[in-house]
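Engineer: My structure is in start_12.txt, and what it holds is compact mmCIF, C-alpha atoms:
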# COMPACT_ATOMS: atom_id res chain seq x y z
CA MET A 1 22.58 -40.15 6.43
CA LYS A 2 23.06 -43.34 4.42
CA ILE A 3 20.71 -44.32 1.61
CA GLU A 4 21.08 -47.67 -0.08
CA LEU A 5 19.57 -48.46 -3.43
CA VAL A 6 19.19 -52.17 -3.98
CA ALA A 7 19.07 -53.16 -7.65
CA GLY A 8 15.83 -54.78 -8.61
CA SER A 9 14.03 -53.89 -5.39
CA ALA A 10 10.50 -52.54 -5.59
CA GLY A 11 11.52 -49.30 -3.81
CA THR A 12 14.41 -48.35 -6.10
CA ASN A 13 12.43 -46.21 -8.55
CA TRP A 14 10.63 -44.42 -5.73
CA ARG A 15 13.90 -43.66 -3.93
CA ARG A 16 15.60 -42.41 -7.09
CA ARG A 17 12.76 -39.96 -7.69
CA ILE A 18 12.32 -38.70 -4.15
CA LEU A 19 16.00 -38.18 -3.25
CA PRO A 20 16.64 -35.29 -5.71
CA ILE A 21 13.39 -33.60 -4.65
CA ALA A 22 14.28 -33.86 -0.96
CA MET A 23 17.74 -32.42 -1.61
CA MET A 24 16.29 -29.45 -3.55
CA MET A 25 13.76 -28.75 -0.79
CA ALA A 26 16.47 -28.79 1.87
CA ALA A 27 18.68 -26.41 -0.15
CA SER A 28 15.75 -24.08 -0.79
CA ALA A 29 14.71 -24.01 2.87
CA SER A 30 18.23 -23.18 4.05
CA SER A 31 18.62 -20.29 1.57
CA THR A 32 15.23 -18.69 2.28
CA ALA A 33 15.49 -19.09 6.04
CA GLN A 34 18.58 -16.83 6.09
CA THR A 35 16.87 -13.80 4.52
CA ALA A 36 14.98 -11.42 6.83
CA ASP A 37 12.35 -9.03 5.49
CA PRO A 38 13.70 -5.45 5.79
CA THR A 39 10.31 -3.85 5.07
CA SER A 40 9.13 -1.10 7.43
CA PHE A 41 5.32 -1.04 7.55
CA ALA A 42 2.55 1.02 9.19
CA ARG A 43 -1.13 0.04 9.07
CA ALA A 44 -3.78 2.67 8.32
CA GLY A 45 -4.97 2.60 11.94
CA ASP A 46 -1.41 3.19 13.16
CA VAL A 47 -1.06 6.18 10.81
CA GLN A 48 -4.33 7.70 12.05
CA ALA A 49 -3.32 7.15 15.69
CA LYS A 50 0.08 8.77 15.12
CA VAL A 51 -1.54 11.81 13.47
CA ALA A 52 -3.97 12.12 16.40
CA ASP A 53 -1.05 11.89 18.89
CA MET A 54 0.89 14.53 16.96
CA GLU A 55 -2.07 16.90 16.92
CA LYS A 56 -2.64 16.45 20.68
CA ALA A 57 1.03 17.17 21.38
CA MET A 58 1.10 20.38 19.31
CA LYS A 59 1.01 23.64 21.26
CA PRO A 60 -1.82 26.07 20.37
CA ASP A 61 0.54 28.42 18.48
CA GLN A 62 2.58 25.64 16.84
CA GLY A 63 2.12 25.65 13.08
CA PHE A 64 4.03 22.52 12.05
CA ALA A 65 4.94 19.08 13.42
CA TRP A 66 7.03 16.34 11.81
CA GLN A 67 7.55 12.72 12.93
CA PRO A 68 9.06 9.69 11.21
CA LEU A 69 6.57 6.94 10.40
CA VAL A 70 8.67 4.27 8.66
CA ARG A 71 12.37 4.16 7.94
CA ASP A 72 15.15 2.31 6.19
CA GLY A 73 18.38 3.52 7.75
CA ASP A 74 18.68 7.22 6.92
CA ARG A 75 15.68 7.16 4.56
CA VAL A 76 12.44 8.18 6.25
CA ALA A 77 8.79 8.54 5.30
CA ALA A 78 7.40 11.05 7.77
CA LEU A 79 4.09 12.55 8.78
CA GLU A 80 3.78 16.33 8.53
CA VAL A 81 0.94 18.16 10.27
CA TRP A 82 0.51 21.76 9.11
CA ARG A 83 -1.82 24.11 11.03
CA LYS A 84 -0.26 27.31 9.71
CA PRO A 85 1.55 27.96 6.46
CA GLY A 86 5.31 27.78 6.57
CA ARG A 87 7.77 29.90 4.66
CA PRO A 88 8.38 29.26 0.96
CA ALA A 89 11.32 26.89 0.62
CA VAL A 90 13.75 25.16 -1.71
CA HIS A 91 15.62 21.91 -1.06
CA PRO A 92 18.51 22.18 -3.55
CA ASP A 93 19.67 18.55 -3.32
CA GLU A 94 16.43 16.69 -2.60
CA ALA A 95 13.11 16.15 -4.32
CA GLU A 96 10.05 16.04 -2.09
CA TYR A 97 7.44 13.31 -2.62
CA ALA A 98 4.21 13.49 -0.59
CA THR A 99 0.64 12.24 -0.38
CA VAL A 100 -2.11 14.28 1.26
CA ILE A 101 -3.71 12.04 3.88
CA ALA A 102 -6.02 14.51 5.67
CA GLY A 103 -7.21 18.10 5.65
CA ALA A 104 -6.89 20.52 2.77
CA GLY A 105 -4.47 23.13 1.55
CA THR A 106 -2.74 24.84 -1.31
CA LEU A 107 0.58 24.14 -2.98
CA VAL A 108 2.42 26.90 -4.81
CA SER A 109 5.43 25.57 -6.71
CA GLY A 110 7.83 26.65 -9.41
CA GLY A 111 8.54 30.29 -10.13
CA THR A 112 11.17 32.27 -8.24
CA LEU A 113 11.92 32.29 -4.52
CA VAL A 114 12.12 35.95 -3.41
CA ASP A 115 14.53 37.08 -0.64
CA ALA A 116 16.19 33.64 -0.58
CA GLU A 117 18.24 32.89 2.54
CA VAL A 118 20.11 29.65 3.25
CA LYS A 119 18.92 28.45 6.66
CA ARG A 120 21.04 25.29 6.76
CA PRO A 121 22.51 22.90 4.20
CA GLY A 122 19.61 21.50 2.22
CA LEU A 123 17.15 24.29 3.08
CA THR A 124 16.74 27.75 1.60
CA GLU A 125 13.73 29.86 2.62
CA GLY A 126 12.29 33.05 1.20
CA SER A 127 9.53 35.60 1.74
CA ARG A 128 7.33 34.56 -1.22
CA ILE A 129 7.23 32.84 -4.59
CA GLU A 130 6.72 34.88 -7.75
CA GLY A 131 5.34 33.23 -10.87
CA GLY A 132 4.58 29.84 -9.28
CA THR A 133 1.68 27.51 -10.07
CA THR A 134 -1.10 27.21 -7.49
CA ARG A 135 -2.85 23.89 -6.86
CA ALA A 136 -5.58 22.97 -4.38
CA LEU A 137 -4.69 19.95 -2.21
CA ALA A 138 -7.13 17.32 -0.88
CA PRO A 139 -6.78 13.81 0.62
CA GLY A 140 -5.41 11.35 -1.90
CA ASP A 141 -3.48 13.95 -3.91
CA VAL A 142 0.12 13.00 -4.69
CA LEU A 143 2.91 15.46 -5.41
CA LEU A 144 6.55 15.27 -6.45
CA ILE A 145 8.49 18.53 -6.17
CA PRO A 146 11.83 18.25 -7.99
CA ALA A 147 15.03 19.23 -6.17
CA GLY A 148 15.71 22.96 -6.45
CA THR A 149 12.04 23.87 -7.02
CA PRO A 150 10.54 26.63 -4.84
CA HIS A 151 7.40 25.48 -3.01
CA TRP A 152 5.00 26.59 -0.31
CA PHE A 153 2.09 24.92 1.50
CA GLY A 154 -0.96 26.96 2.48
CA ILE A 155 -3.64 25.63 4.82
CA THR A 156 -7.34 25.54 3.94
CA GLY A 157 -9.37 24.86 7.05
CA ASP A 158 -7.80 23.65 10.29
CA ARG A 159 -4.96 21.47 8.97
CA LEU A 160 -3.08 19.79 6.15
CA VAL A 161 -1.55 16.35 6.82
CA LEU A 162 1.06 14.92 4.48
CA LEU A 163 2.98 11.66 4.35
CA GLY A 164 6.23 12.59 2.68
CA THR A 165 9.83 11.71 2.04
CA LYS A 166 12.84 13.44 0.57
CA LEU A 167 14.57 11.80 -2.40
CA PRO A 168 18.17 12.55 -3.41
CA ALA A 169 18.39 14.66 -6.56
CA ALA A 170 19.21 12.75 -9.73
CA ARG A 171 22.89 13.02 -10.52
CA ALA A 172 24.03 13.69 -14.05
CA THR A 173 25.89 10.76 -15.56
CA PRO A 174 29.27 11.58 -17.11
CA LYS A 175 29.47 11.21 -20.87
Please render this file's structure as structure tokens.
Structural biologist:
Amino acid sequence: MKIELVAGSAGTNWRRRILPIAMMMAASASSTAQTADPTSFARAGDVQAKVADMEKAMKPDQGFAWQPLVRDGDRVAALEVWRKPGRPAVHPDEAEYATVIAGAGTLVSGGTLVDAEVKRPGLTEGSRIEGGTTRALAPGDVLLIPAGTPHWFGITGDRLVLLGTKLPAARATPK
């Protein structure tokens, strides 16, 4: 592209002002056009539909179902449908962050996990928790269970539905 500025012409001032603006706009457009949005997103209606599908797929004696909802590589926010209480558990290397989205239940956390047995890396289960704190759970409640903390979910009514994710435990920084 060739632009000529003729000294003394009526268009010179206009051209001198518009050229830098046009160049900045072109540079801005090329840099923003190259960046894709990595956000994973689920609308409220999609969440409700997925929960309904999960519940329909559960067998009558099945107490728990888990399905990913949104993800970023290995990181996942998943739906958990509880119809029966699970076993008390500890995730030694991961914190658990969750929001109650439907149903009602009970969370017992803290204290001591009794009869602890490592089931697989990242999961230790026990028979009960002694000395934990009991909290009632209802839709909208948010919880963050630190890594290594015993916890157990009880069910009040027909179900407890959580949207949760595991977070890597904070690592100590060397001094």
Engineer: Rank nothing, just name the residue among A:Val81, A:Ile155, A:Leu144, A:Leu113 nearest to Ser127 of chain A, using only C-alpha atoms.
Structural biologist: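 Ranked by minimum distance to Ser127 of chain A, first place goes to A:Leu113.
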Engineer: Need the neighbours of (4.3, 15.2, 2.4): which residues are at most 12 Å away, counting all atoms listed in the file, as an mmCIF file with C-alpha atoms, keeping the file's coordinate frame?
Structural biologist:
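The file below, result-v1.cif, is the result:
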data_model
loop_
_atom_site.group_PDB
_atom_site.id
_atom_site.type_symbol
_atom_site.label_atom_id
_atom_site.label_comp_id
_atom_site.auth_asym_id
_atom_site.auth_seq_id
_atom_site.Cartn_x
_atom_site.Cartn_y
_atom_site.Cartn_z
ATOM 1 C CA ALA A 65 4.940 19.080 13.420
ATOM 2 C CA TRP A 66 7.030 16.340 11.810
ATOM 3 C CA GLN A 67 7.550 12.720 12.930
ATOM 4 C CA PRO A 68 9.060 9.690 11.210
ATOM 5 C CA LEU A 69 6.570 6.940 10.400
ATOM 6 C CA VAL A 76 12.440 8.180 6.250
ATOM 7 C CA ALA A 77 8.790 8.540 5.300
ATOM 8 C CA ALA A 78 7.400 11.050 7.770
ATOM 9 C CA LEU A 79 4.090 12.550 8.780
ATOM 10 C CA GLU A 80 3.780 16.330 8.530
ATOM 11 C CA VAL A 81 0.940 18.160 10.270
ATOM 12 C CA TRP A 82 0.510 21.760 9.110
ATOM 13 C CA ALA A 95 13.110 16.150 -4.320
ATOM 14 C CA GLU A 96 10.050 16.040 -2.090
ATOM 15 C CA TYR A 97 7.440 13.310 -2.620
ATOM 16 C CA ALA A 98 4.210 13.490 -0.590
ATOM 17 C CA THR A 99 0.640 12.240 -0.380
ATOM 18 C CA VAL A 100 -2.110 14.280 1.260
ATOM 19 C CA ILE A 101 -3.710 12.040 3.880
ATOM 20 C CA ALA A 102 -6.020 14.510 5.670
ATOM 21 C CA GLY A 105 -4.470 23.130 1.550
ATOM 22 C CA LEU A 107 0.580 24.140 -2.980
ATOM 23 C CA LEU A 137 -4.690 19.950 -2.210
ATOM 24 C CA PRO A 139 -6.780 13.810 0.620
ATOM 25 C CA GLY A 140 -5.410 11.350 -1.900
ATOM 26 C CA ASP A 141 -3.480 13.950 -3.910
ATOM 27 C CA VAL A 142 0.120 13.000 -4.690
ATOM 28 C CA LEU A 143 2.910 15.460 -5.410
ATOM 29 C CA LEU A 144 6.550 15.270 -6.450
ATOM 30 C CA ILE A 145 8.490 18.530 -6.170
ATOM 31 C CA TRP A 152 5.000 26.590 -0.310
ATOM 32 C CA PHE A 153 2.090 24.920 1.500
ATOM 33 C CA LEU A 160 -3.080 19.790 6.150
ATOM 34 C CA VAL A 161 -1.550 16.350 6.820
ATOM 35 C CA LEU A 162 1.060 14.920 4.480
ATOM 36 C CA LEU A 163 2.980 11.660 4.350
ATOM 37 C CA GLY A 164 6.230 12.590 2.680
ATOM 38 C CA THR A 165 9.830 11.710 2.040
ATOM 39 C CA LYS A 166 12.840 13.440 0.570
ATOM 40 C CA LEU A 167 14.570 11.800 -2.400
#
Engineer: Between atom CA of Arg128 of chain A and atom CA of Asp158 of chain A, what is the distance in Å, rounded to a tenth?
Structural biologist: 21.9 Å
Engineer: Which residues are close to Ala42 of chain A, i.e. within 7 Å by all atoms listed in the file, leaving aside same-chain residues fewer than 3 positions away? Reply as a VMD selection string.
Structural biologist: chain A and resid 46 to 47 70
Engineer: Using the selection just defined, write its residues with C-alpha atoms as a CSV table (one decimal), keeping the file's coordinate frame.
Structural biologist:
chain,number,residue,atom,x,y,z
A,46,ASP,CA,-1.4,3.2,13.2
A,47,VAL,CA,-1.1,6.2,10.8
A,70,VAL,CA,8.7,4.3,8.7
Engineer: May I ask for the distance between atom CA of Gly103 of chain A and atom CA of Asp74 of chain A, given in Å to one decimal place?
Structural biologist: 28.1 Å
Engineer: What does the distance between atom CA of Gly122 of chain A and atom CA of Pro85 of chain A come to in Å, to one decimal place?
Structural biologist: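 Interatomic distance, atom CA of Gly122 of chain A to atom CA of Pro85 of chain A: 19.6 Å.
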Engineer: Between A:Thr35, A:Phe64, A:Ala116, A:Arg83, which has the minimum distance to Thr156 of chain A (counting all atoms listed in the file)?
Structural biologist: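 Among A:Thr35, A:Phe64, A:Ala116, A:Arg83, it is A:Arg83 that comes nearest to Thr156 of chain A.
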Engineer: I'd like the contact shell of segment 90-94 of chain A - 6 Å cut-off, all atoms listed in the file, skipping same-chain residues fewer than 3 positions apart - returned as JSON, numbers by chain.
Structural biologist: {"A": [122, 123, 124, 147, 148, 149, 150, 166, 167, 168, 169]}
Engineer: With distances taken over all atoms listed in the file, which of A:Pro121, A:Pro38, A:Gly154, A:Pro88 is nearest to Thr106 of chain A?
Structural biologist: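 Comparing A:Pro121, A:Pro38, A:Gly154, A:Pro88 against Thr106 of chain A, the winner is A:Gly154.
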Engineer: So, counting all atoms listed in the file, which residue among A:Lys84, A:Lys119, A:Arg135, A:Asp37 is closest to Pro60 of chain A?
Structural biologist: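 Of all the options, A:Lys84 lies closest to Pro60 of chain A.
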Engineer: Could you check which of A:Ala104, A:Ala57, A:Ala36, A:Val118 is closest to Ala138 of chain A, using only C-alpha atoms?
Structural biologist: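 With only C-alpha atoms as the atom set, the closest residue is A:Ala104.
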Engineer: Quick one: of A:Gly111, A:Gly86, A:Gly131, A:Gly45, who's nearest to Gln62 of chain A, counting all atoms listed in the file?
Structural biologist: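 Comparing A:Gly111, A:Gly86, A:Gly131, A:Gly45 against Gln62 of chain A, the winner is A:Gly86.
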